[in-house]
Amino acid sequence: MFFELIGNSPDLTANYQFSSVEIKQTAFRIDGVFIPQTQEQPIYFVEVQFQEDLGIYSRLFSEVHLYLRQNQPENNWLAVVIYPSRNIDTASTNHYSESFASGRVTCIYLDELGESASLPIGIATIKLVIENEKQAIDQARELITRTNQEVASVTQQQQLLQIIETILIYKFPRMNIEEIQEMFGLSELKQTRVYQQAFAEGEQKGKQEGRQEGKLLAVAPMLAAGLSMEQIAQALGLSVEDVRKAAQKSPQ
């Protein structure tokens, strides 16, 4: 009756076994979700995949549809999967071909974005992740120069330089943070107006409420300025754990 209902021959019944299947739910964690402030804009689901994974698309669609079921948003949705290169994208899309054909799901390959010098500074910074050590050195220096020249907001400068520094730390694991800062001129971060203002605020509070307490109170504005917990700990003479605890206590 079912096969007749959908316009097929009832003889197909011989090729099928019918059962009622219980689906066990697995815990999922989505790499990133951009949730819009209005219903007119789509939700963006982001997955970053830097090694082959034959199950990435089945997992991605499971994550997305479980999110939609649990949250019931009115918004449309789109998904983006970011790969370092096309040869990492080996998973089958047979079950999801309509979503790829319609543009609901997009794959981005970082090595196909073009020359870093011709890319917007944000995209060029993302591409730094896949460069080899020699190219990373030259491009990081160029990005730091571009950041100082092209980004007007001091806070945004700090945030972008912090991202570059974080990428370099992973690129050069044999170097400590001070060596990286010196090599790429990132030690100049400490001379910027935002850093100095944040540190001065902590010093002033330290005079008013005790030096240690003042240092802890300085953590929040320094984080807001785009400095990392390691940089703050070094500047204030605190442990990273103290900085982390102070950050957790700070009002959101």
# chains A, B, ... in the order shown; residues from 1 in each chain; ligands from 1
>>> residues_around(residues="region 165-177 of chain A", least_positions_apart="5", cutoff="12 Å", atoms="only C-alpha atoms", output="VMD selection string")
chain A and resid 125 to 141 143 to 144 158 to 160 182 to 187 189 226 to 231 234
>>> write_last_selection(atoms="C-alpha atoms", output="tab-separated table (two decimals), in the first residue's frame")
chain	number	residue	atom	x	y	z
A	125	THR	CA	45.05	36.36	8.69
A	126	ILE	CA	42.93	33.19	8.48
A	127	LYS	CA	45.11	31.94	5.61
A	128	LEU	CA	48.20	32.33	7.81
A	129	VAL	CA	47.08	29.11	9.53
A	130	ILE	CA	48.01	26.94	6.52
A	131	GLU	CA	51.30	28.58	5.52
A	132	ASN	CA	54.61	26.79	6.06
A	133	GLU	CA	57.10	28.29	8.52
A	134	LYS	CA	59.05	30.31	5.96
A	135	GLN	CA	55.96	31.79	4.36
A	136	ALA	CA	54.38	32.33	7.77
A	137	ILE	CA	57.31	34.51	8.89
A	138	ASP	CA	57.07	36.83	5.88
A	139	GLN	CA	53.29	36.96	5.84
A	140	ALA	CA	52.98	37.51	9.58
A	141	ARG	CA	55.29	40.53	9.35
A	143	LEU	CA	50.01	41.31	8.31
A	144	ILE	CA	51.33	43.13	11.37
A	158	GLN	CA	44.85	44.62	19.44
A	159	GLN	CA	42.35	41.89	18.69
A	160	LEU	CA	43.77	41.19	15.25
A	182	GLU	CA	60.45	39.98	19.67
A	183	MET	CA	60.81	38.26	16.29
A	184	PHE	CA	57.66	39.77	14.86
A	185	GLY	CA	57.69	43.09	16.69
A	186	LEU	CA	54.67	42.11	18.77
A	187	SER	CA	56.41	43.27	21.93
A	189	LEU	CA	51.84	45.78	21.92
A	226	GLY	CA	42.19	42.22	23.37
A	227	LEU	CA	45.15	41.05	25.46
A	228	SER	CA	45.56	37.36	26.20
A	229	MET	CA	45.58	35.90	29.71
A	230	GLU	CA	49.27	35.07	29.29
A	231	GLN	CA	50.10	38.67	28.34
A	234	GLN	CA	53.18	38.65	32.51
>>> select_by_dssp(residues="region 57-113 of chain A", states="helix (DSSP H, G or I)", output="number ranges by chain")
A: 57-71, 86-88, 94-102, 110-112
>>> residues_around(residues="Phe34 (chain A)", least_positions_apart="2", cutoff="12 Å", atoms="only C-alpha atoms", output="PyMOL selection string")
chain A and resi 30-32+36-38+41-47+75+77-80
>>> select_by_dssp(residues="region 102-164 of chain A", states="strand (DSSP E)", output="ChimeraX atom specification")
/A:105-109
>>> closest_residue(among="A:Thr145, A:Gln162, A:Ser85, A:Thr90", to="Leu54 (chain A)", atoms="only C-alpha atoms")
A:Thr90
>>> atom_distance(atom1="CA of Tyr109 (chain A)", atom2="CA of Val81 (chain A)")
8.7 Å
>>> atom_distance(atom1="CA of Gln156 (chain A)", atom2="CA of Val219 (chain A)")
18.1 Å
>>> closest_residue(among="A:Val105, A:Ala152, A:Ala117, A:Ala218", to="Leu238 (chain A)", atoms="only C-alpha atoms")
A:Ala218
>>> atom_distance(atom1="CA of Thr147 (chain A)", atom2="CA of Ser118 (chain A)")
14.2 Å
